[in-house]
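query-v3.txt follows; it contains compact mmCIF, C-alpha atoms.
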# COMPACT_ATOMS: atom_id res chain seq x y z
CA MET A 1 0.00 0.00 0.00
CA LYS A 2 1.50 3.25 -1.15
CA GLY A 3 -0.74 5.60 0.80
CA ALA A 4 -4.13 7.20 1.13
CA LEU A 5 -5.51 9.77 -1.28
CA THR A 6 -8.35 12.23 -1.40
CA PRO A 7 -10.98 11.30 -3.99
CA ALA A 8 -9.87 14.28 -6.09
CA ALA A 9 -6.24 13.10 -6.03
CA ALA A 10 -7.37 9.62 -7.04
CA ALA A 11 -9.41 11.04 -9.92
CA ASP A 12 -6.40 13.09 -11.03
CA MET A 13 -4.32 9.90 -11.26
CA ILE A 14 -6.76 8.44 -13.78
CA PRO A 15 -6.12 10.09 -17.15
CA ASP A 16 -8.72 10.58 -19.86
CA GLY A 17 -8.88 7.50 -22.06
CA ALA A 18 -7.82 5.13 -19.28
CA SER A 19 -9.38 1.69 -18.82
CA VAL A 20 -11.06 1.39 -15.44
CA MET A 21 -12.68 -1.57 -13.69
CA ILE A 22 -15.30 -0.46 -11.20
CA GLY A 23 -16.72 -2.81 -8.57
CA GLY A 24 -20.38 -2.97 -7.70
CA PHE A 25 -23.73 -4.40 -8.63
CA MET A 26 -26.50 -1.85 -9.09
CA ALA A 27 -24.28 0.60 -7.17
CA VAL A 28 -24.08 -1.74 -4.16
CA GLY A 29 -20.38 -2.21 -3.49
CA SER A 30 -19.43 0.59 -5.92
CA PRO A 31 -16.82 3.21 -4.96
CA LEU A 32 -19.26 6.10 -4.95
CA ARG A 33 -16.87 8.82 -3.74
CA MET A 34 -14.39 7.97 -6.47
CA ILE A 35 -17.13 7.99 -9.07
CA ASP A 36 -18.21 11.45 -7.90
CA ALA A 37 -14.61 12.66 -8.09
CA LEU A 38 -14.26 11.41 -11.68
CA VAL A 39 -17.44 13.27 -12.58
CA ALA A 40 -16.17 16.40 -10.81
CA ARG A 41 -12.85 16.19 -12.67
CA GLY A 42 -14.73 15.96 -15.98
CA ALA A 43 -13.05 12.70 -16.99
CA ARG A 44 -13.48 11.83 -20.67
CA GLY A 45 -13.04 8.84 -22.93
CA LEU A 46 -12.88 6.18 -20.21
CA THR A 47 -13.22 2.50 -20.98
CA VAL A 48 -15.25 1.16 -18.08
CA ILE A 49 -15.47 -2.52 -17.21
CA ALA A 50 -18.26 -3.16 -14.72
CA ASN A 51 -21.18 -5.47 -14.13
CA ASP A 52 -23.82 -2.83 -14.85
CA THR A 53 -24.38 0.92 -15.03
CA ALA A 54 -26.88 1.05 -12.14
CA MET A 55 -29.56 3.69 -12.71
CA PRO A 56 -29.38 7.32 -13.82
CA GLY A 57 -28.05 9.36 -10.91
CA ARG A 58 -26.68 6.36 -9.01
CA GLY A 59 -23.21 4.79 -8.99
CA ILE A 60 -21.78 4.25 -12.45
CA GLY A 61 -24.96 5.83 -13.83
CA ARG A 62 -23.42 9.18 -12.87
CA LEU A 63 -20.44 8.55 -15.16
CA ILE A 64 -22.88 7.75 -17.97
CA THR A 65 -24.86 10.96 -17.43
CA ALA A 66 -21.71 13.08 -17.19
CA GLY A 67 -20.36 11.73 -20.49
CA CYS A 68 -17.16 10.28 -18.97
CA ILE A 69 -17.42 6.91 -20.73
CA ALA A 70 -16.54 6.17 -24.36
CA ARG A 71 -16.48 2.39 -24.14
CA LEU A 72 -18.25 0.03 -21.80
CA ILE A 73 -17.77 -3.68 -21.21
CA THR A 74 -20.70 -4.84 -19.09
CA SER A 75 -23.38 -7.49 -18.65
CA HIS A 76 -26.56 -5.56 -17.96
CA ILE A 77 -27.84 -2.07 -18.75
CA GLY A 78 -31.54 -2.88 -18.47
CA LEU A 79 -32.15 -0.64 -15.46
CA ASN A 80 -30.38 2.36 -17.00
CA PRO A 81 -32.33 3.64 -20.02
CA GLU A 82 -29.77 6.42 -20.46
CA THR A 83 -27.00 3.90 -21.17
CA GLN A 84 -29.24 2.16 -23.70
CA ALA A 85 -30.11 5.46 -25.39
CA LYS A 86 -26.45 6.49 -25.61
CA MET A 87 -25.53 3.08 -26.99
CA ILE A 88 -28.24 3.17 -29.64
CA ALA A 89 -27.22 6.76 -30.53
CA GLY A 90 -23.61 5.61 -30.95
CA GLU A 91 -22.25 7.81 -28.15
CA ILE A 92 -21.00 4.87 -26.09
CA ASP A 93 -19.56 1.71 -27.56
CA VAL A 94 -21.05 -1.13 -25.48
CA GLU A 95 -19.84 -4.72 -25.40
CA LEU A 96 -22.38 -6.91 -23.63
CA VAL A 97 -20.88 -9.94 -21.92
CA PRO A 98 -22.72 -12.65 -19.97
CA GLN A 99 -22.20 -11.91 -16.29
CA GLY A 100 -20.49 -15.17 -15.43
CA THR A 101 -18.21 -14.78 -18.42
CA LEU A 102 -17.40 -11.18 -17.50
CA VAL A 103 -16.27 -12.08 -14.01
CA GLU A 104 -14.20 -15.02 -15.28
CA ARG A 105 -12.55 -12.89 -17.99
CA ILE A 106 -11.55 -10.41 -15.28
CA ARG A 107 -10.38 -13.24 -13.04
CA ALA A 108 -8.35 -14.71 -15.91
CA GLY A 109 -6.75 -11.32 -16.50
CA GLY A 110 -5.88 -11.01 -12.85
CA VAL A 111 -4.54 -14.50 -12.24
CA GLY A 112 -2.38 -14.95 -15.30
CA LEU A 113 -4.61 -17.23 -17.35
CA GLY A 114 -4.75 -16.93 -21.12
CA GLY A 115 -8.53 -17.18 -21.28
CA VAL A 116 -11.58 -19.07 -20.12
CA LEU A 117 -13.53 -21.90 -21.73
CA THR A 118 -17.24 -21.53 -21.04
CA PRO A 119 -20.38 -23.14 -22.47
CA THR A 120 -22.29 -19.90 -21.86
CA GLY A 121 -23.18 -18.14 -25.12
CA LEU A 122 -22.67 -21.13 -27.45
CA GLY A 123 -24.91 -20.78 -30.48
CA THR A 124 -25.95 -17.22 -29.58
CA GLU A 125 -24.82 -13.75 -30.72
CA VAL A 126 -22.15 -13.95 -28.02
CA GLN A 127 -20.36 -16.62 -30.05
CA GLN A 128 -19.71 -14.28 -33.01
CA GLY A 129 -16.02 -14.01 -33.82
CA LYS A 130 -14.97 -16.43 -31.09
CA GLN A 131 -13.16 -19.73 -31.25
CA VAL A 132 -15.09 -22.87 -30.24
CA ILE A 133 -12.93 -25.46 -28.53
CA GLU A 134 -13.91 -29.03 -27.74
CA VAL A 135 -12.61 -30.55 -24.52
CA GLN A 136 -13.55 -34.08 -23.39
CA GLY A 137 -16.44 -34.15 -25.83
CA LYS A 138 -17.97 -30.83 -24.75
CA ARG A 139 -17.91 -27.58 -26.69
CA TYR A 140 -16.88 -24.26 -25.16
CA LEU A 141 -16.31 -20.68 -26.22
CA LEU A 142 -12.84 -19.29 -25.74
CA GLU A 143 -13.20 -16.01 -23.88
CA THR A 144 -10.18 -13.75 -23.56
CA PRO A 145 -8.80 -12.19 -20.36
CA LEU A 146 -9.54 -8.63 -19.30
CA ARG A 147 -7.19 -6.28 -17.51
CA ALA A 148 -7.41 -2.54 -16.89
CA ASP A 149 -5.18 0.41 -16.06
CA PHE A 150 -7.11 0.93 -12.83
CA ALA A 151 -9.39 -1.07 -10.57
CA LEU A 152 -11.62 1.03 -8.34
CA LEU A 153 -13.01 -0.98 -5.45
CA ALA A 154 -15.40 -0.49 -2.57
CA ALA A 155 -14.91 -2.40 0.68
CA TRP A 156 -16.60 -2.47 4.07
CA GLN A 157 -13.38 -2.30 6.09
CA ALA A 158 -9.79 -1.59 5.16
CA ASP A 159 -6.83 -1.60 7.51
CA TYR A 160 -3.80 0.69 7.24
CA LEU A 161 -2.04 -1.91 5.05
CA GLY A 162 -4.91 -2.07 2.58
CA ASN A 163 -6.28 -5.45 3.64
CA LEU A 164 -9.95 -5.45 2.69
CA CYS A 165 -13.10 -7.20 3.74
CA TYR A 166 -16.55 -6.85 2.29
CA MET A 167 -20.09 -7.09 3.58
CA LEU A 168 -22.96 -9.25 2.26
CA THR A 169 -23.88 -8.52 -1.36
CA ALA A 170 -21.29 -5.76 -1.64
CA HIS A 171 -18.56 -8.30 -2.48
CA ASN A 172 -19.68 -8.88 -6.06
CA PHE A 173 -16.91 -7.97 -8.55
CA ASN A 174 -14.59 -6.24 -6.06
CA PRO A 175 -12.38 -9.15 -4.91
CA VAL A 176 -11.89 -10.30 -8.51
CA MET A 177 -11.12 -6.84 -9.90
CA ALA A 178 -8.54 -6.36 -7.15
CA MET A 179 -6.27 -8.68 -9.12
CA ALA A 180 -6.89 -7.30 -12.59
CA GLY A 181 -6.06 -3.60 -12.33
CA ALA A 182 -2.53 -2.30 -12.86
CA THR A 183 -3.25 0.27 -10.14
CA VAL A 184 -5.79 -0.63 -7.49
CA ILE A 185 -7.57 2.03 -5.44
CA ALA A 186 -9.97 1.05 -2.68
CA GLU A 187 -12.58 3.09 -0.90
CA ALA A 188 -13.75 1.64 2.43
CA ASP A 189 -16.67 2.46 4.71
CA SER A 190 -14.18 2.49 7.56
CA ILE A 191 -10.42 2.24 7.96
CA VAL A 192 -9.32 0.29 11.02
CA PRO A 193 -5.98 -0.47 12.69
CA VAL A 194 -3.92 -3.39 11.43
CA GLY A 195 -5.07 -6.53 13.20
CA VAL A 196 -8.73 -5.57 13.53
CA ILE A 197 -9.50 -7.52 10.36
CA ALA A 198 -8.61 -11.10 11.24
CA PRO A 199 -6.45 -12.90 8.67
CA ASP A 200 -9.29 -15.33 7.87
CA ALA A 201 -11.64 -12.41 7.18
CA VAL A 202 -9.35 -10.68 4.68
CA LYS A 203 -10.80 -11.21 1.18
CA THR A 204 -8.39 -8.90 -0.64
CA PRO A 205 -4.84 -8.95 0.72
CA GLY A 206 -3.34 -5.49 1.13
CA VAL A 207 -0.44 -6.41 -1.16
CA LEU A 208 -2.87 -6.03 -4.06
CA VAL A 209 -4.03 -2.54 -3.07
CA ASP A 210 -1.99 0.49 -4.16
CA HIS A 211 -4.04 3.25 -2.56
CA LEU A 212 -6.90 3.74 -0.16
CA LEU A 213 -9.16 6.75 -0.19
CA LEU A 214 -8.88 8.87 2.92
CA ARG A 215 -11.83 8.37 5.23
CA SER A 216 -15.04 10.09 4.24
CA GLY A 217 -14.99 13.81 5.01
CA LYS A 218 -11.17 14.02 5.25
CA GLY A 219 -9.65 16.31 2.65
CA GLU A 220 -12.89 16.64 0.65
CA MET B 221 -56.02 -12.66 -9.05
CA ASP B 222 -53.95 -10.96 -11.73
CA ALA B 223 -51.89 -12.77 -14.38
CA LYS B 224 -48.58 -12.33 -12.56
CA GLU B 225 -49.90 -13.75 -9.31
CA LEU B 226 -51.38 -16.72 -11.17
CA ILE B 227 -48.05 -17.47 -12.84
CA ALA B 228 -46.07 -17.06 -9.61
CA ARG B 229 -48.42 -19.35 -7.69
CA ARG B 230 -48.18 -22.07 -10.34
CA VAL B 231 -44.38 -21.82 -10.58
CA ALA B 232 -44.13 -22.07 -6.79
CA ARG B 233 -45.48 -25.62 -7.03
CA GLU B 234 -42.35 -26.66 -8.95
CA ILE B 235 -40.12 -25.95 -5.97
CA ARG B 236 -39.15 -28.97 -3.87
CA PRO B 237 -37.77 -29.13 -0.32
CA GLY B 238 -34.13 -28.17 0.10
CA MET B 239 -33.63 -26.79 -3.40
CA LEU B 240 -31.21 -23.98 -4.29
CA VAL B 241 -33.23 -21.67 -6.55
CA ASN B 242 -32.44 -18.49 -8.47
CA LEU B 243 -35.36 -16.19 -9.27
CA GLY B 244 -34.97 -13.58 -12.00
CA ILE B 245 -35.91 -9.98 -11.44
CA GLY B 246 -39.50 -8.88 -12.11
CA LEU B 247 -42.25 -11.48 -12.30
CA PRO B 248 -40.09 -14.48 -11.25
CA SER B 249 -39.14 -12.76 -7.99
CA LEU B 250 -42.81 -12.94 -6.94
CA VAL B 251 -42.54 -16.74 -6.70
CA ALA B 252 -40.66 -16.55 -3.38
CA GLY B 253 -43.78 -15.14 -1.73
CA TYR B 254 -45.65 -18.43 -2.35
CA VAL B 255 -42.99 -20.89 -1.22
CA PRO B 256 -43.60 -21.98 2.40
CA ALA B 257 -40.59 -21.46 4.70
CA SER B 258 -41.07 -25.06 5.90
CA LEU B 259 -39.65 -26.32 2.57
CA GLY B 260 -36.16 -25.21 3.60
CA VAL B 261 -35.51 -23.72 0.17
CA PHE B 262 -32.51 -21.45 -0.30
CA PHE B 263 -32.93 -18.64 -2.80
CA GLN B 264 -29.79 -17.43 -4.49
CA ALA B 265 -29.43 -13.94 -5.88
CA GLU B 266 -26.62 -13.78 -8.41
CA ASN B 267 -25.26 -10.55 -6.95
CA GLY B 268 -23.97 -12.65 -4.11
CA VAL B 269 -26.24 -14.16 -1.49
CA ILE B 270 -27.46 -17.68 -0.82
CA GLY B 271 -30.44 -17.49 1.50
CA LEU B 272 -32.23 -14.40 0.32
CA GLY B 273 -35.07 -13.36 2.63
CA ALA B 274 -38.09 -11.08 2.44
CA ARG B 275 -38.02 -7.28 2.41
CA PRO B 276 -36.80 -5.78 5.69
CA PRO B 277 -39.07 -3.57 7.78
CA GLU B 278 -39.27 0.04 6.59
CA GLY B 279 -36.27 1.99 7.83
CA MET B 280 -34.27 -1.16 8.69
CA GLU B 281 -32.75 -1.69 5.21
CA ASP B 282 -29.05 -2.48 4.92
CA PRO B 283 -27.46 -0.83 1.85
CA HIS B 284 -25.08 -3.82 1.61
CA LEU B 285 -27.88 -6.36 1.22
CA THR B 286 -29.92 -6.26 -1.95
CA ASP B 287 -31.29 -8.63 -4.56
CA ALA B 288 -30.21 -8.73 -8.20
CA GLY B 289 -32.65 -5.94 -9.03
CA GLY B 290 -31.08 -3.69 -6.42
CA GLY B 291 -34.05 -3.98 -4.03
CA PHE B 292 -33.51 -4.28 -0.29
CA VAL B 293 -33.80 -7.79 1.11
CA THR B 294 -32.94 -9.72 4.25
CA ALA B 295 -30.98 -12.94 4.68
CA VAL B 296 -32.35 -16.08 6.32
CA PRO B 297 -30.51 -17.98 9.08
CA GLY B 298 -27.80 -20.04 7.42
CA ALA B 299 -27.31 -17.54 4.60
CA ALA B 300 -23.91 -17.08 2.97
CA SER B 301 -22.52 -14.09 1.09
CA ILE B 302 -20.30 -14.79 -1.91
CA ASP B 303 -18.52 -12.88 -4.65
CA SER B 304 -19.56 -12.89 -8.31
CA ALA B 305 -17.03 -15.55 -9.34
CA MET B 306 -18.40 -17.99 -6.75
CA SER B 307 -21.95 -16.97 -7.57
CA PHE B 308 -21.57 -17.80 -11.24
CA GLY B 309 -19.44 -20.82 -10.43
CA LEU B 310 -22.49 -22.18 -8.61
CA ILE B 311 -24.74 -21.32 -11.54
CA ARG B 312 -22.57 -22.56 -14.41
CA GLY B 313 -21.14 -25.46 -12.44
CA GLY B 314 -24.47 -27.23 -12.07
CA HIS B 315 -24.94 -26.53 -8.34
CA LEU B 316 -28.17 -24.61 -8.86
CA ASP B 317 -31.28 -26.82 -8.78
CA MET B 318 -33.63 -24.42 -10.52
CA THR B 319 -33.84 -21.01 -12.12
CA VAL B 320 -37.03 -19.12 -12.90
CA LEU B 321 -36.62 -16.51 -15.62
CA GLY B 322 -38.78 -14.09 -17.52
CA GLY B 323 -39.01 -14.40 -21.28
CA LEU B 324 -39.62 -12.43 -24.45
CA GLN B 325 -40.11 -15.54 -26.62
CA VAL B 326 -39.95 -19.31 -26.34
CA ASP B 327 -39.98 -21.30 -29.56
CA ALA B 328 -41.10 -24.76 -30.68
CA GLN B 329 -37.66 -26.15 -29.87
CA GLY B 330 -38.01 -24.84 -26.33
CA ARG B 331 -35.36 -22.17 -26.84
CA LEU B 332 -35.62 -18.94 -24.86
CA ALA B 333 -34.98 -15.37 -26.01
CA ASN B 334 -35.02 -12.83 -23.20
CA TRP B 335 -32.22 -10.28 -23.45
CA LYS B 336 -32.54 -8.11 -26.52
CA VAL B 337 -34.99 -6.55 -28.95
CA PRO B 338 -32.57 -5.28 -31.59
CA GLY B 339 -32.66 -1.52 -32.04
CA LYS B 340 -35.39 -1.06 -29.43
CA MET B 341 -34.60 -2.50 -26.06
CA VAL B 342 -31.20 -3.88 -25.19
CA PRO B 343 -31.10 -4.64 -21.48
CA GLY B 344 -28.23 -7.07 -21.87
CA MET B 345 -28.15 -10.69 -20.81
CA GLY B 346 -26.90 -10.10 -17.27
CA GLY B 347 -26.85 -13.54 -15.70
CA ALA B 348 -29.51 -15.07 -17.94
CA MET B 349 -27.21 -16.89 -20.37
CA ASP B 350 -25.24 -18.49 -17.53
CA LEU B 351 -28.43 -19.42 -15.69
CA VAL B 352 -30.02 -21.10 -18.71
CA THR B 353 -26.75 -22.85 -19.54
CA GLY B 354 -25.99 -24.12 -16.06
CA ALA B 355 -29.11 -24.59 -13.92
CA ALA B 356 -30.34 -28.15 -13.47
CA ARG B 357 -33.89 -27.04 -14.30
CA VAL B 358 -34.96 -23.92 -16.22
CA VAL B 359 -38.50 -22.58 -15.77
CA VAL B 360 -39.73 -19.66 -17.86
CA ALA B 361 -42.42 -17.52 -16.21
CA MET B 362 -44.01 -15.04 -18.59
CA GLN B 363 -47.26 -13.69 -19.98
CA HIS B 364 -48.51 -15.78 -22.88
CA ALA B 365 -48.75 -12.77 -25.19
CA ALA B 366 -47.45 -9.22 -25.35
CA ARG B 367 -49.38 -6.48 -27.20
CA GLY B 368 -51.59 -9.16 -28.73
CA GLN B 369 -48.63 -11.13 -30.11
CA SER B 370 -47.98 -14.68 -28.98
CA LYS B 371 -44.68 -15.03 -27.11
CA ILE B 372 -44.68 -18.76 -27.82
CA VAL B 373 -43.54 -18.87 -31.41
CA ALA B 374 -42.49 -21.42 -34.03
CA ASP B 375 -38.98 -19.97 -34.23
CA CYS B 376 -37.51 -17.19 -32.08
CA ASP B 377 -36.86 -14.09 -34.19
CA LEU B 378 -35.23 -12.36 -31.20
CA PRO B 379 -31.63 -13.24 -30.25
CA LEU B 380 -31.44 -16.49 -28.29
CA THR B 381 -30.33 -16.67 -24.69
CA SER B 382 -29.08 -20.24 -25.11
CA LEU B 383 -29.50 -23.25 -27.38
CA ARG B 384 -30.59 -25.25 -24.34
CA ARG B 385 -34.19 -26.43 -24.30
CA VAL B 386 -35.92 -25.01 -21.24
CA ASP B 387 -37.74 -27.47 -18.98
CA LEU B 388 -41.06 -25.74 -18.31
CA VAL B 389 -42.98 -22.68 -19.46
CA VAL B 390 -45.68 -21.22 -17.21
CA THR B 391 -47.90 -18.45 -18.60
CA ASP B 392 -51.16 -16.83 -17.59
CA LEU B 393 -52.93 -19.25 -19.95
CA ALA B 394 -51.02 -22.51 -19.89
CA VAL B 395 -48.26 -24.77 -18.64
CA ILE B 396 -46.12 -26.13 -21.45
CA VAL B 397 -43.34 -28.71 -21.40
CA PRO B 398 -40.87 -28.44 -24.29
CA ARG B 399 -39.62 -31.87 -25.37
CA GLU B 400 -37.63 -33.19 -28.30
CA ASP B 401 -40.80 -33.59 -30.41
CA GLY B 402 -42.26 -30.15 -29.60
CA LEU B 403 -44.25 -28.20 -27.07
CA HIS B 404 -46.59 -30.28 -24.91
CA LEU B 405 -49.56 -28.48 -23.42
CA ILE B 406 -50.03 -30.04 -19.98
CA GLU B 407 -52.24 -27.63 -18.03
CA ARG B 408 -54.56 -24.74 -18.66
CA ALA B 409 -55.29 -21.73 -16.48
CA PRO B 410 -58.59 -21.64 -14.58
CA GLY B 411 -61.42 -20.78 -16.96
CA VAL B 412 -59.24 -21.01 -20.07
CA SER B 413 -60.05 -23.62 -22.75
CA VAL B 414 -57.62 -25.58 -24.89
CA ALA B 415 -59.08 -23.81 -27.92
CA ASP B 416 -58.31 -20.41 -26.30
CA ILE B 417 -54.70 -21.47 -25.77
CA ILE B 418 -54.25 -22.77 -29.31
CA ALA B 419 -55.74 -19.54 -30.67
CA ALA B 420 -53.31 -17.47 -28.58
CA THR B 421 -50.21 -19.46 -29.59
CA THR B 422 -48.37 -19.23 -32.89
CA ALA B 423 -46.17 -22.26 -32.21
CA PRO B 424 -47.68 -25.68 -32.84
CA LEU B 425 -48.75 -27.39 -29.60
CA ILE B 426 -48.98 -31.09 -28.86
CA VAL B 427 -52.29 -31.47 -27.00
CA PRO B 428 -53.23 -34.61 -25.07
CA ASP B 429 -56.87 -35.69 -24.68
CA ASP B 430 -57.02 -34.39 -21.15
CA VAL B 431 -55.55 -31.01 -20.24
CA PRO B 432 -56.28 -30.43 -16.54
CA GLU B 433 -56.69 -27.05 -14.95
CA MET B 434 -53.65 -25.65 -13.11
CA ILE B 435 -53.48 -26.26 -9.40
CA LEU B 436 -52.15 -23.23 -7.58
CA ILE B 437 -50.43 -22.81 -4.24
Encoded form using structure tokens:
Amino acid sequence: MKGALTPAAAADMIPDGASVMIGGFMAVGSPLRMIDALVARGARGLTVIANDTAMPGRGIGRLITAGCIARLITSHIGLNPETQAKMIAGEIDVELVPQGTLVERIRAGGVGLGGVLTPTGLGTEVQQGKQVIEVQGKRYLLETPLRADFALLAAWQADYLGNLCYMLTAHNFNPVMAMAGATVIAEADSIVPVGVIAPDAVKTPGVLVDHLLLRSGKGE
Amino acid sequence: MDAKELIARRVAREIRPGMLVNLGIGLPSLVAGYVPASLGVFFQAENGVIGLGARPPEGMEDPHLTDAGGGFVTAVPGAASIDSAMSFGLIRGGHLDMTVLGGLQVDAQGRLANWKVPGKMVPGMGGAMDLVTGAARVVVAMQHAARGQSKIVADCDLPLTSLRRVDLVVTDLAVIVPREDGLHLIERAPGVSVADIIAATTAPLIVPDDVPEMILI
């Protein structure tokens, strides 16, 4: 862990055009302060990799509204009509990926695998342009790994070393994205002394985390 | 009783004790309300909980505990929270006993389309493709027709969710079992005749001599 940043400093680290993984599922477990800072900075041309774009005005939906995103790799935009409208108008290039495939592509990118073989999507539009590989008599699609310049995570608790733990349905993509970003920035509900998070409770080891956000209200 | 309640109450009868079940957002999520707690069923939400419970009391919601539609839920005793890789590992890996999904179309081969109307509505597949690919049993819960058009069609003209043949289709008019030889009509909704169902369906149906009325929970 290299240190704690204000949200504005974190947003300044992320240049226009960067690729950014953002944790969360319908804004639950999304790094909301970092998202707001990217909007405030007026970020442009981002490639965002995330499960969904929440709803207008919430979570990643704010990046959509503010025009920060040029390209989106995601599984579901059904609850954000603004994303759909911008996709249909050609303002955002959207790649729709089955959710289980999306998380495994990110995992593959983070754990040094050259791809994933999945039966999901066989014989559908998702198959277009992809290699079909037969293993032990079963057919699979070859799905390629995903990595990003940044992974922006939300956690329940972080300690001073960047060890993270998550609560309930706010895990979602966060632990997986923690391995797939070149620079990993985590925003936690609370930051606690080293040792408060028991080793067995750590879901993301601090060695993966480059920066924490300063606690809410500090330096904002 | 409205159409959605009818469908949910019929689907609820498919759920057996001790199952792990995923309910899609929208109509399928209503099914949970008709499954008695005594069955010991665990509901999975793909955003990361096994053991989804009912809505919490007003003002007691936890922002870290929602269903796949983003609505506040509770967790039952014995619940487990998991990340998305584990969640879809369960789904794709064959550990899920049943999924109940909404549909835009089901065709004569029992194939489901439910994620895209090209150029009009593109919600994305979310977890649907993984669920249809991996669940032991796939139940489609949907209205029989939309804007006067049958949703049970000879051949899906909307993009498919999977090549897999779904196991059961429950609509406000009928219960249909897709098999290798086609769509078998096995039950009709209360007050609905076989002739009504045939008239409302563009796909060919295989109709036995006796088509009993649905029994609802």
In Å to one decimal, how far is CA of Ala409 in chain B from CA of Val326 in chain B?
->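 Result for CA of Val326 in chain B versus CA of Ala409 in chain B: 18.4 Å, one decimal.
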Within 12 Å of range 76-79 of chain A, counting only C-alpha atoms, which residues qualify if same-chain residues fewer than 3 places away don't, as number ranges by chain?
-> A: 25-27, 49-58, 60-61, 64, 72-73, 82-87, 94-100, 102; B: 245-246, 288-290, 334-337, 340-349
Check every residue of chain B for an atom within 7 Å of chain A, counting only C-alpha atoms, and provide those that qualify as number ranges by chain.
-> B: 267-269, 283-286, 290, 301-305, 308, 339, 342-347, 349-350, 353, 379-383
Would you list the residues near (-37.0, -30.7, -28.6) (no more than 7 Å away, in the coordinates of the file, using only C-alpha atoms) as a list in words?
->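 Looking at atoms near the point gives Gln329, Gly330, Arg385, Pro398, Arg399, Glu400, Asp401 and Gly402 of chain B.
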Within 7 Å of Gly260 in chain B, counting all atoms listed in the file, which residues show up once you throw out same-chain ones fewer than 2 positions away? Write them as a PyMOL selection string, please.
-> chain B and resi 237-238+257-258+262
Mind pulling up the distance from CA of Ala415 in chain B to CA of Val386 in chain B?
->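 If I compute the distance from CA of Val386 in chain B to CA of Ala415 in chain B, I get 24.1 Å.
The space between CA of Asp375 in chain B and CA of Ala419 in chain B spans 17.1 Å.
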Which residues are close to Ile270 in chain B, i.e. within 6 Å by all atoms listed in the file, leaving aside same-chain residues fewer than 3 positions away? Reply as a short mmCIF file (atom, residue, chain, number, x, y, z; two decimals) with C-alpha atoms, in the frame of the given file.
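And here's result.cif as it stands now:
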data_model
loop_
_atom_site.label_atom_id
_atom_site.label_comp_id
_atom_site.auth_asym_id
_atom_site.auth_seq_id
_atom_site.Cartn_x
_atom_site.Cartn_y
_atom_site.Cartn_z
CA PHE B 263 -32.93 -18.64 -2.80
CA GLN B 264 -29.79 -17.43 -4.49
CA ALA B 299 -27.31 -17.54 4.60
CA ALA B 300 -23.91 -17.08 2.97
#
For Thr422 in chain B, work out the shell of residues within 9 Å, counting all atoms listed in the file and skipping chain neighbours fewer than 3 positions away, then give it as a list in words.
->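 In the requested form, the answer reads Gln369, Ser370, Lys371, Ile372, Val373, Ala374, Ile418, Ala419 and Leu425 of chain B.
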Near-Leu117 in chain A list (6 Å; all atoms listed in the file; drop same-chain fewer than 3 positions) as number ranges by chain = A: 140-142
Taking (-54.7, -21.3, -7.7) in the file's coordinates, which residues come within 8 Å, counting all atoms listed in the file, written as a list in words?
->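 So the residues meeting the distance criterion are Leu226, Arg229, Arg230, Pro410, Met434, Ile435, Leu436 and Ile437 of chain B.
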Take the residues from that selection and put them in a file with C-alpha atoms, as a short mmCIF file (atom, residue, chain, number, x, y, z; two decimals), in the frame of the given file.
data_model
loop_
_atom_site.label_atom_id
_atom_site.label_comp_id
_atom_site.auth_asym_id
_atom_site.auth_seq_id
_atom_site.Cartn_x
_atom_site.Cartn_y
_atom_site.Cartn_z
CA LEU B 226 -51.38 -16.72 -11.17
CA ARG B 229 -48.42 -19.35 -7.69
CA ARG B 230 -48.18 -22.07 -10.34
CA PRO B 410 -58.59 -21.64 -14.58
CA MET B 434 -53.65 -25.65 -13.11
CA ILE B 435 -53.48 -26.26 -9.40
CA LEU B 436 -52.15 -23.23 -7.58
CA ILE B 437 -50.43 -22.81 -4.24
#
Shortest contact to Pro145 in chain A, candidates A:Gln157, A:Lys130, A:Gly59, A:Leu113, atoms counted only C-alpha atoms, goes to A:Leu113
Using all atoms listed in the file, which of B:Ala232, B:Val427, B:Leu250, B:Leu310 sits nearest Ala356 in chain B?
->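 With all atoms listed in the file as the atom set, the closest residue is B:Leu310.
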Nearest to Pro199 in chain A by atom-to-atom distance, counting all atoms listed in the file, from A:Ile185, A:Met179, A:Leu212, A:Cys165 =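 Of A:Ile185, A:Met179, A:Leu212, A:Cys165, the one nearest Pro199 in chain A, counting all atoms listed in the file, is A:Cys165.
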Is it possible to add N, CA and C atoms to range 229-234 of chain B and hand it back as an mmCIF file, keeping the file's coordinate frame?
data_model
loop_
_atom_site.group_PDB
_atom_site.id
_atom_site.type_symbol
_atom_site.label_atom_id
_atom_site.label_comp_id
_atom_site.auth_asym_id
_atom_site.auth_seq_id
_atom_site.Cartn_x
_atom_site.Cartn_y
_atom_site.Cartn_z
ATOM 1 N N ARG B 229 -47.884 -18.293 -8.555
ATOM 2 C CA ARG B 229 -48.420 -19.350 -7.690
ATOM 3 C C ARG B 229 -48.319 -20.723 -8.346
ATOM 4 N N ARG B 230 -48.368 -20.777 -9.661
ATOM 5 C CA ARG B 230 -48.180 -22.070 -10.340
ATOM 6 C C ARG B 230 -46.703 -22.473 -10.341
ATOM 7 N N VAL B 231 -45.823 -21.506 -10.583
ATOM 8 C CA VAL B 231 -44.380 -21.820 -10.580
ATOM 9 C C VAL B 231 -43.951 -22.296 -9.195
ATOM 10 N N ALA B 232 -44.524 -21.702 -8.157
ATOM 11 C CA ALA B 232 -44.130 -22.070 -6.790
ATOM 12 C C ALA B 232 -44.312 -23.562 -6.531
ATOM 13 N N ARG B 233 -45.255 -24.183 -7.229
ATOM 14 C CA ARG B 233 -45.480 -25.620 -7.030
ATOM 15 C C ARG B 233 -44.329 -26.476 -7.567
ATOM 16 N N GLU B 234 -43.489 -25.900 -8.384
ATOM 17 C CA GLU B 234 -42.350 -26.660 -8.950
ATOM 18 C C GLU B 234 -41.204 -26.794 -7.942
#
